[in-house]
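Colleague: Following this line is model29.cif, made up of mmCIF, C-alpha atoms and all ligand atoms:
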```cif
data_work
loop_
_atom_site.label_atom_id
_atom_site.label_comp_id
_atom_site.auth_asym_id
_atom_site.auth_seq_id
_atom_site.Cartn_x
_atom_site.Cartn_y
_atom_site.Cartn_z
CA MET A 82 12.62 -6.23 -18.56
CA GLN A 83 15.81 -5.03 -16.99
CA ASN A 84 15.28 -5.16 -13.23
CA ARG A 85 18.23 -3.18 -12.03
CA LEU A 86 19.10 0.38 -12.78
CA VAL A 87 22.76 1.22 -12.37
CA THR A 88 23.88 4.76 -12.77
CA ASN A 89 27.02 6.72 -12.12
CA SER A 90 26.43 9.55 -9.73
CA ASP A 91 27.81 12.90 -10.76
CA ASN A 92 27.76 13.99 -7.16
CA ALA A 93 31.35 15.09 -6.46
CA ALA A 94 31.14 14.05 -2.82
CA LEU A 95 30.31 10.53 -3.92
CA ASN A 96 33.30 10.37 -6.20
CA GLN A 97 31.46 8.87 -9.14
CA ALA A 98 29.95 6.20 -6.92
CA THR A 99 27.53 3.79 -8.51
CA ILE A 100 23.90 3.99 -7.50
CA GLU A 101 22.12 0.71 -7.95
CA ILE A 102 18.39 0.33 -7.50
CA ASP A 103 16.09 -2.64 -7.93
CA LEU A 104 13.31 -1.66 -10.32
CA THR A 105 11.09 -4.46 -9.02
CA ARG A 106 11.04 -3.00 -5.49
CA LEU A 107 10.38 0.66 -6.14
CA PRO A 108 8.40 2.69 -3.64
CA LYS A 109 4.90 2.97 -5.06
CA HIS A 110 4.34 6.37 -3.50
CA ILE A 111 7.01 8.99 -2.79
CA ALA A 112 6.18 12.13 -0.81
CA ILE A 113 8.53 15.11 -0.87
CA ILE A 114 8.90 18.21 1.30
CA MET A 115 10.54 20.50 -1.25
CA ASP A 116 12.45 22.76 1.12
CA GLY A 117 15.33 25.20 0.79
CA ASN A 118 14.35 27.46 -2.13
CA GLY A 119 14.89 30.63 -0.11
CA ARG A 120 18.31 29.61 1.20
CA TRP A 121 19.35 28.53 -2.30
CA ALA A 122 18.55 32.01 -3.60
CA ARG A 123 20.14 33.80 -0.63
CA ALA A 124 23.37 31.86 -1.00
CA LYS A 125 23.62 33.11 -4.58
CA GLY A 126 22.68 36.68 -3.70
CA TYR A 127 19.31 36.41 -5.45
CA ILE A 128 15.86 37.32 -4.21
CA ARG A 129 13.91 34.45 -2.65
CA SER A 130 11.41 34.18 -5.49
CA LEU A 131 14.19 33.16 -7.85
CA GLY A 132 14.69 30.18 -5.58
CA HIS A 133 11.03 29.27 -6.02
CA GLU A 134 11.34 29.60 -9.80
CA ASN A 135 14.28 27.23 -9.78
CA GLY A 136 12.25 24.99 -7.50
CA VAL A 137 9.76 24.53 -10.34
CA ASP A 138 12.63 23.32 -12.57
CA ALA A 139 13.63 20.81 -9.90
CA LEU A 140 10.04 19.58 -9.64
CA ARG A 141 9.84 19.09 -13.42
CA ARG A 142 13.12 17.12 -13.29
CA ILE A 143 12.06 14.91 -10.39
CA ALA A 144 8.49 14.34 -11.61
CA THR A 145 9.60 13.23 -15.07
CA ALA A 146 12.39 11.06 -13.62
CA SER A 147 9.91 9.47 -11.20
CA ALA A 148 7.42 8.73 -13.97
CA GLU A 149 10.18 7.24 -16.14
CA LEU A 150 11.33 5.01 -13.28
CA GLY A 151 7.84 3.68 -12.64
CA ILE A 152 6.83 5.51 -9.46
CA GLU A 153 3.01 5.55 -9.37
CA TYR A 154 2.39 8.41 -6.94
CA LEU A 155 4.46 11.51 -6.25
CA THR A 156 3.04 13.91 -3.67
CA VAL A 157 4.88 17.18 -3.14
CA TYR A 158 4.50 19.86 -0.50
CA ALA A 159 4.31 23.07 -2.54
CA PHE A 160 2.64 25.51 -0.12
CA SER A 161 1.57 24.99 3.48
CA THR A 162 -1.30 26.61 5.37
CA GLU A 163 1.37 28.19 7.57
CA ASN A 164 3.13 29.63 4.49
CA TRP A 165 0.19 32.09 4.12
CA LYS A 166 1.77 33.96 7.05
CA ARG A 167 4.96 34.75 5.09
CA PRO A 168 5.49 38.35 3.91
CA LYS A 169 2.76 39.39 1.44
CA THR A 170 5.28 39.96 -1.35
CA GLU A 171 6.61 36.42 -1.07
CA VAL A 172 3.11 34.88 -1.05
CA LYS A 173 2.22 36.95 -4.10
CA ALA A 174 5.39 35.88 -5.92
CA LEU A 175 4.72 32.23 -5.07
CA MET A 176 1.16 32.41 -6.40
CA SER A 177 2.31 34.03 -9.61
CA ILE A 178 5.02 31.37 -10.08
CA LEU A 179 2.40 28.69 -9.46
CA VAL A 180 -0.08 29.98 -12.02
CA LYS A 181 2.68 30.37 -14.61
CA ALA A 182 4.00 26.86 -13.91
CA LEU A 183 0.52 25.35 -14.27
CA ARG A 184 0.18 26.99 -17.65
CA LYS A 185 3.66 26.14 -18.84
CA GLU A 186 3.92 22.57 -17.58
CA LEU A 187 0.67 21.24 -19.04
CA SER A 188 2.62 19.86 -22.01
CA THR A 189 5.21 18.25 -19.70
CA LEU A 190 2.40 16.46 -17.86
CA LEU A 191 0.69 15.33 -21.06
CA ASP A 192 3.96 14.23 -22.72
CA ASN A 193 4.80 12.11 -19.69
CA ASN A 194 1.30 10.71 -19.19
CA ILE A 195 1.11 12.22 -15.69
CA ARG A 196 -2.19 13.22 -14.09
CA LEU A 197 -2.19 16.23 -11.82
CA GLN A 198 -4.09 16.27 -8.52
CA ALA A 199 -4.24 18.70 -5.62
CA ILE A 200 -4.78 18.31 -1.90
CA GLY A 201 -5.36 21.09 0.61
CA ASP A 202 -7.74 23.95 1.23
CA ILE A 203 -7.85 24.87 -2.47
CA LEU A 204 -10.67 27.40 -1.96
CA LEU A 205 -8.20 29.67 -0.16
CA LEU A 206 -6.12 30.04 -3.34
CA PRO A 207 -6.63 33.04 -5.64
CA GLU A 208 -9.39 32.41 -8.18
CA ASP A 209 -7.13 32.42 -11.24
CA ILE A 210 -5.07 29.62 -9.69
CA GLN A 211 -8.15 27.61 -8.77
CA LYS A 212 -9.37 27.92 -12.35
CA GLN A 213 -6.01 27.00 -13.86
CA LEU A 214 -5.63 24.10 -11.46
CA LYS A 215 -9.08 22.71 -12.31
CA GLU A 216 -8.29 22.99 -16.00
CA VAL A 217 -4.95 21.17 -15.79
CA ILE A 218 -6.44 18.49 -13.52
CA ALA A 219 -9.26 17.89 -16.03
CA LEU A 220 -6.95 17.92 -19.07
CA THR A 221 -4.50 15.44 -17.51
CA ALA A 222 -7.09 13.20 -15.81
CA LYS A 223 -6.33 10.28 -18.16
CA GLY A 224 -2.60 10.33 -17.36
CA SER A 225 -2.10 6.76 -16.25
CA ARG A 226 1.66 6.57 -15.68
CA MET A 227 1.87 8.57 -12.45
CA ALA A 228 -0.26 10.79 -10.23
CA LEU A 229 1.50 14.02 -9.31
CA THR A 230 -0.27 15.51 -6.31
CA LEU A 231 0.42 19.09 -5.27
CA ALA A 232 -0.18 19.84 -1.59
CA LEU A 233 -1.33 23.45 -1.79
CA SER A 234 -2.59 25.48 1.14
CA TYR A 235 -2.20 22.15 2.90
CA SER A 236 -1.92 21.38 6.60
CA SER A 237 -2.22 17.85 7.89
CA LYS A 238 -3.87 18.89 11.15
CA GLU A 239 -6.43 20.88 9.15
CA GLU A 240 -6.99 17.83 6.91
CA ILE A 241 -7.65 15.63 9.96
CA LEU A 242 -9.98 18.21 11.54
CA ARG A 243 -11.88 18.59 8.27
CA ALA A 244 -12.24 14.81 8.00
CA THR A 245 -13.53 14.70 11.58
CA ARG A 246 -16.11 17.39 10.85
CA LEU A 247 -17.35 15.65 7.70
CA LEU A 248 -17.49 12.36 9.57
CA ALA A 249 -19.39 13.90 12.49
CA GLU A 250 -21.85 15.36 9.99
CA ASP A 251 -22.49 11.90 8.54
CA VAL A 252 -22.98 10.48 12.03
CA ARG A 253 -25.45 13.27 12.80
CA LYS A 254 -27.37 12.47 9.60
CA GLY A 255 -27.52 8.84 10.71
CA LEU A 256 -25.41 7.63 7.77
CA LEU A 257 -22.73 6.19 10.01
CA LEU A 258 -22.58 4.66 13.51
CA PRO A 259 -19.67 5.76 15.76
CA GLU A 260 -18.77 2.10 16.42
CA ASN A 261 -18.31 1.58 12.66
CA ILE A 262 -15.59 4.24 12.33
CA THR A 263 -12.53 2.22 11.33
CA GLU A 264 -9.21 3.42 9.91
CA GLN A 265 -10.51 2.63 6.41
CA VAL A 266 -13.70 4.62 6.98
CA PHE A 267 -11.74 7.58 8.38
CA GLU A 268 -9.35 7.59 5.42
CA ASN A 269 -12.27 8.11 3.07
CA TYR A 270 -12.71 11.57 4.56
CA LEU A 271 -9.08 12.64 4.01
CA TYR A 272 -7.93 14.61 0.96
CA THR A 273 -5.77 11.59 0.05
CA ARG A 274 -8.78 9.27 -0.20
CA GLY A 275 -8.07 6.38 -2.55
CA MET A 276 -4.29 6.92 -2.56
CA PRO A 277 -1.86 4.44 -0.99
CA HIS A 278 0.21 5.72 1.95
CA PRO A 279 3.66 7.06 1.02
CA ASP A 280 6.40 4.43 1.18
CA LEU A 281 9.18 7.00 1.23
CA LEU A 282 9.28 10.62 2.42
CA ILE A 283 12.12 12.83 1.23
CA ARG A 284 12.79 16.20 2.87
CA THR A 285 15.48 18.39 1.38
CA SER A 286 17.54 21.23 2.87
CA GLY A 287 18.86 19.38 5.92
CA GLU A 288 15.83 20.03 8.11
CA TYR A 289 14.68 17.09 10.22
CA ARG A 290 10.97 17.73 10.68
CA ILE A 291 7.60 16.92 9.17
CA SER A 292 6.15 20.48 9.25
CA ASN A 293 2.48 19.45 9.32
CA TYR A 294 2.70 17.18 6.26
CA LEU A 295 0.64 13.97 5.88
CA LEU A 296 0.78 13.13 9.61
CA TRP A 297 -1.77 10.31 9.35
CA GLN A 298 -0.46 8.94 6.06
CA LEU A 299 3.22 8.84 7.14
CA ALA A 300 2.60 6.47 10.07
CA TYR A 301 4.86 3.73 8.60
CA THR A 302 6.69 5.68 5.89
CA GLU A 303 10.48 5.47 5.61
CA LEU A 304 11.99 8.91 6.17
CA TYR A 305 14.94 10.23 4.17
CA PHE A 306 16.60 13.58 4.74
CA SER A 307 18.83 15.15 2.10
CA PRO A 308 21.19 18.06 2.80
CA LYS A 309 20.63 19.36 -0.75
CA LEU A 310 18.54 22.50 -1.19
CA TRP A 311 15.48 21.73 -3.33
CA PRO A 312 16.56 23.65 -6.49
CA ASP A 313 19.78 21.57 -6.51
CA PHE A 314 18.01 18.21 -6.10
CA THR A 315 18.78 15.96 -9.07
CA LYS A 316 17.68 12.61 -10.46
CA GLU A 317 20.82 11.11 -8.88
CA ASP A 318 19.71 12.43 -5.49
CA LEU A 319 16.34 10.77 -6.05
CA LEU A 320 18.07 7.50 -6.92
CA LEU A 321 20.20 7.77 -3.78
CA ALA A 322 17.03 8.15 -1.71
CA ILE A 323 15.44 5.13 -3.40
CA ALA A 324 18.63 3.06 -2.94
CA GLU A 325 18.61 3.93 0.78
CA TYR A 326 14.90 3.05 1.00
CA GLN A 327 15.63 -0.35 -0.53
CA LYS A 328 18.17 -1.08 2.21
CA ARG A 329 15.59 -0.57 4.94
CA GLU A 330 13.48 -3.33 6.45
CA ARG A 331 9.88 -2.23 6.85
CA ARG A 332 8.57 -4.19 9.79
CA PHE A 333 5.19 -2.53 10.43
CA GLY A 334 5.46 -3.49 14.08
CA LEU A 335 6.42 -7.12 13.42
CA ILE A 336 9.78 -8.84 13.91
CA SER A 337 12.21 -9.72 11.12
CA GLU A 338 11.49 -13.47 11.20
CA GLN A 339 7.80 -12.89 10.62
CA LEU A 340 8.53 -10.86 7.49
CA ASN A 341 10.70 -13.63 6.06
CA GLU A 342 7.95 -16.20 6.77
CA ASN A 343 5.50 -14.15 4.75
CA SER A 344 7.72 -13.55 1.76
C1 LIG B 1 10.30 25.74 0.21
O1 LIG B 1 11.38 26.62 0.29
C2 LIG B 1 9.17 26.31 -0.60
C3 LIG B 1 8.03 26.81 0.20
C4 LIG B 1 7.90 26.67 1.49
C5 LIG B 1 6.97 27.47 -0.53
P1 LIG B 1 11.45 27.73 1.40
O2 LIG B 1 10.83 28.97 0.88
O3 LIG B 1 10.88 27.25 2.69
O4 LIG B 1 13.02 27.93 1.52
P2 LIG B 1 13.86 28.12 2.86
O5 LIG B 1 13.50 26.99 3.77
O6 LIG B 1 13.49 29.45 3.42
O7 LIG B 1 15.27 28.05 2.40
C1 LIG B 2 7.42 23.11 4.49
O1 LIG B 2 8.50 23.98 4.42
C2 LIG B 2 6.39 23.51 3.47
C3 LIG B 2 6.80 23.39 2.08
C4 LIG B 2 7.89 22.88 1.64
C5 LIG B 2 5.84 23.90 1.13
P1 LIG B 2 8.65 25.23 5.39
O2 LIG B 2 9.92 25.89 5.04
O3 LIG B 2 7.42 26.05 5.34
O4 LIG B 2 8.72 24.52 6.81
P2 LIG B 2 9.43 24.98 8.16
O5 LIG B 2 8.95 26.37 8.44
O6 LIG B 2 10.90 24.95 7.91
O7 LIG B 2 9.01 23.97 9.19
MG MG B 3 11.68 26.27 4.27
#
```
Could you quickly redo this structure as structure tokens?
Modeller:
Amino acid sequence: MQNRLVTNSDNAALNQATIEIDLTRLPKHIAIIMDGNGRWARAKGYIRSLGHENGVDALRRIATASAELGIEYLTVYAFSTENWKRPKTEVKALMSILVKALRKELSTLLDNNIRLQAIGDILLLPEDIQKQLKEVIALTAKGSRMALTLALSYSSKEEILRATRLLAEDVRKGLLLPENITEQVFENYLYTRGMPHPDLLIRTSGEYRISNYLLWQLAYTELYFSPKLWPDFTKEDLLLAIAEYQKRERRFGLISEQLNENS
């Protein structure tokens, strides 16, 4: 197996720089805040929903590239709980783009052996989307190359509160003792149960914030911020993020020397 992937970037600013990544040290789980669709559209004089439509193309590109590289989990922020407060017309357009994308991209998921999952307060979504989502999740459940998780109607604080409520309920029923609530036990009540924590978080559009995304799960994640607007994000941009991730030393609270001892 070839362990290094070397590619020429077509990013003008990089002047055909070479991006080199080590395929044996890939992040297992990448989380993305796909931001900047609206500004992308505005800059071109389009309506915002056209930005979201082009955002779907970017997601297809990045999901297939990730699966081809060998990334096992890709978790993308597609719609936040707070996004429900956007103008009604935008929410409606987003929902219609989502249902269309679920229908259209089933073959992309199957062809690439990707299983679809969803996290968030799914019951708040329109019924046709819930139905479509369930269908695609069931039809792709055997996809063993990569899990693509859509965070939909998702808020991390809501996820943590929900977990706390479910946990409290189990304590009340006598199924669990408060002194036995460990990190591992708590994680079983999160939407992301059974998934590893993200190794790398990418946020596009030059914003430097987490916006209520995976607050618990990102505790030791490497953060990467790209100035690119999401519809412009390419495979090369993904490789740049991975190359930067591979330069970082993840210490998890330890000191460098301890890490070298263990390796
Ligand atoms: C991200 O793009 C997609 C969603 C939040 C649904 P935005 O719609 O936030 O685009 P900007 O940030 O306004 O440019
Ligand atoms: C975060 O982007 C949510 C998604 C990408 C779906 P927002 O555009 O909603 O976040 P803020 O408002 O800039 O923090
Ligand atoms: Mg935004």
Colleague: Around ligand LIG 2 (chain B), at most 12 Å away and counting all atoms listed in the file, which residues are there? Put them as an MDAnalysis selection string, please.
Modeller: chainID A and resid 112:120 133 136 140 156:167 172 175 201 231:237 283:295 310:312
Colleague: For ligand LIG 1 (chain B), take all atoms listed in the file, fit an axis-aligned box around them, add 5 Å to each of the six sides, then output centre and edge lengths in Å rounded to one decimal, as AutoDock Vina command-line options.
Modeller:
```
--center_x 11.1 --center_y 27.6 --center_z 1.6 --size_x 18.3 --size_y 13.7 --size_z 14.4
```
Colleague: Using Å and a single decimal, report how far atom C3 of ligand LIG 1 (chain B) sits from atom CA of Pro207 of chain A.
Modeller: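 Atom C3 of ligand LIG 1 (chain B) lies 17.0 Å from atom CA of Pro207 of chain A.
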Colleague: Nearest to Arg331 of chain A: which of A:Glu153, A:Glu303, A:Asp192, A:Glu134 is it, counting all atoms listed in the file?
Modeller: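 Using all atoms listed in the file, Arg331 of chain A sits closest to A:Glu303.
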Colleague: Interatomic distance between atom CA of Leu204 of chain A and atom CA of Val180 of chain A?
Modeller: 14.8 Å
Colleague: Hey, can you check how far atom O3 of ligand LIG 1 (chain B) sits from atom CA of Pro279 of chain A?
Modeller: 21.5 Å
Colleague: Let me make sure I understand: among A:Leu131, A:Ala300, A:Leu229, A:Leu281, which one has the smallest atom-to-atom distance to Glu171 of chain A if we use only C-alpha atoms?
Modeller: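 Nearest to Glu171 of chain A: A:Leu131.
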Colleague: Can you list, as a PDB file with C-alpha atoms, in the coordinates of the input, every protein, DNA or RNA residue that comes within 12 Å of Ser188 of chain A when you count all atoms listed in the file, leaving out same-chain residues fewer than 3 positions away?
Modeller:
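This went into out38.pdb:
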```
ATOM      1  CA  ARG A 141       9.840  19.090 -13.420  1.00  0.00           C
ATOM      2  CA  THR A 145       9.600  13.230 -15.070  1.00  0.00           C
ATOM      3  CA  ALA A 182       4.000  26.860 -13.910  1.00  0.00           C
ATOM      4  CA  LEU A 183       0.520  25.350 -14.270  1.00  0.00           C
ATOM      5  CA  ARG A 184       0.180  26.990 -17.650  1.00  0.00           C
ATOM      6  CA  LYS A 185       3.660  26.140 -18.840  1.00  0.00           C
ATOM      7  CA  LEU A 191       0.690  15.330 -21.060  1.00  0.00           C
ATOM      8  CA  ASP A 192       3.960  14.230 -22.720  1.00  0.00           C
ATOM      9  CA  ASN A 193       4.800  12.110 -19.690  1.00  0.00           C
ATOM     10  CA  ASN A 194       1.300  10.710 -19.190  1.00  0.00           C
ATOM     11  CA  ILE A 195       1.110  12.220 -15.690  1.00  0.00           C
ATOM     12  CA  ARG A 196      -2.190  13.220 -14.090  1.00  0.00           C
ATOM     13  CA  LEU A 197      -2.190  16.230 -11.820  1.00  0.00           C
ATOM     14  CA  VAL A 217      -4.950  21.170 -15.790  1.00  0.00           C
ATOM     15  CA  LEU A 220      -6.950  17.920 -19.070  1.00  0.00           C
ATOM     16  CA  THR A 221      -4.500  15.440 -17.510  1.00  0.00           C
ATOM     17  CA  GLY A 224      -2.600  10.330 -17.360  1.00  0.00           C
TER      18      GLY A 224
END
```
Colleague: Counting all atoms listed in the file, figure out which residue out of A:Arg253, A:Arg129, A:Lys215, A:Arg332 gets nearest to ligand MG 3 (chain B).
Modeller: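 For ligand MG 3 (chain B), the nearest of the given residues is A:Arg129.
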Colleague: Please identify all polymer residues lying at most 12 Å from the point (20.1, 13.1, -5.8) (file coordinates), using only C-alpha atoms, and present the result as an MDAnalysis selection string.
Modeller: chainID A and resid 88:95 100 139 142:143 146 283:285 305:325
Colleague: Between A:Ala174, A:Ser147, A:Arg106, A:Leu155, which is the closest to ligand LIG 1 (chain B) once you count all atoms listed in the file?
Modeller: A:Ala174
Colleague: For Asn269 of chain A, which residue out of A:Leu247, A:Leu304, A:Ala148, A:Leu107 is the nearest one, using only C-alpha atoms?
Modeller: A:Leu247
Colleague: Determine, counting only C-alpha atoms, which protein, DNA and RNA residues have an atom within 10 Å of an atom of Trp297 of chain A; residues of the same chain fewer than 4 positions away are not included. Present the result as number ranges by chain.
Modeller: A: 237-238, 240-241, 268, 271, 278, 301
Colleague: Go through A:Ser337, A:Thr105, A:Asn135, A:Gln198 and flag the residue nearest ligand LIG 1 (chain B), using only C-alpha atoms and all ligand atoms for the distances.
Modeller: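 Closest residue, counting only C-alpha atoms and all ligand atoms: A:Asn135.
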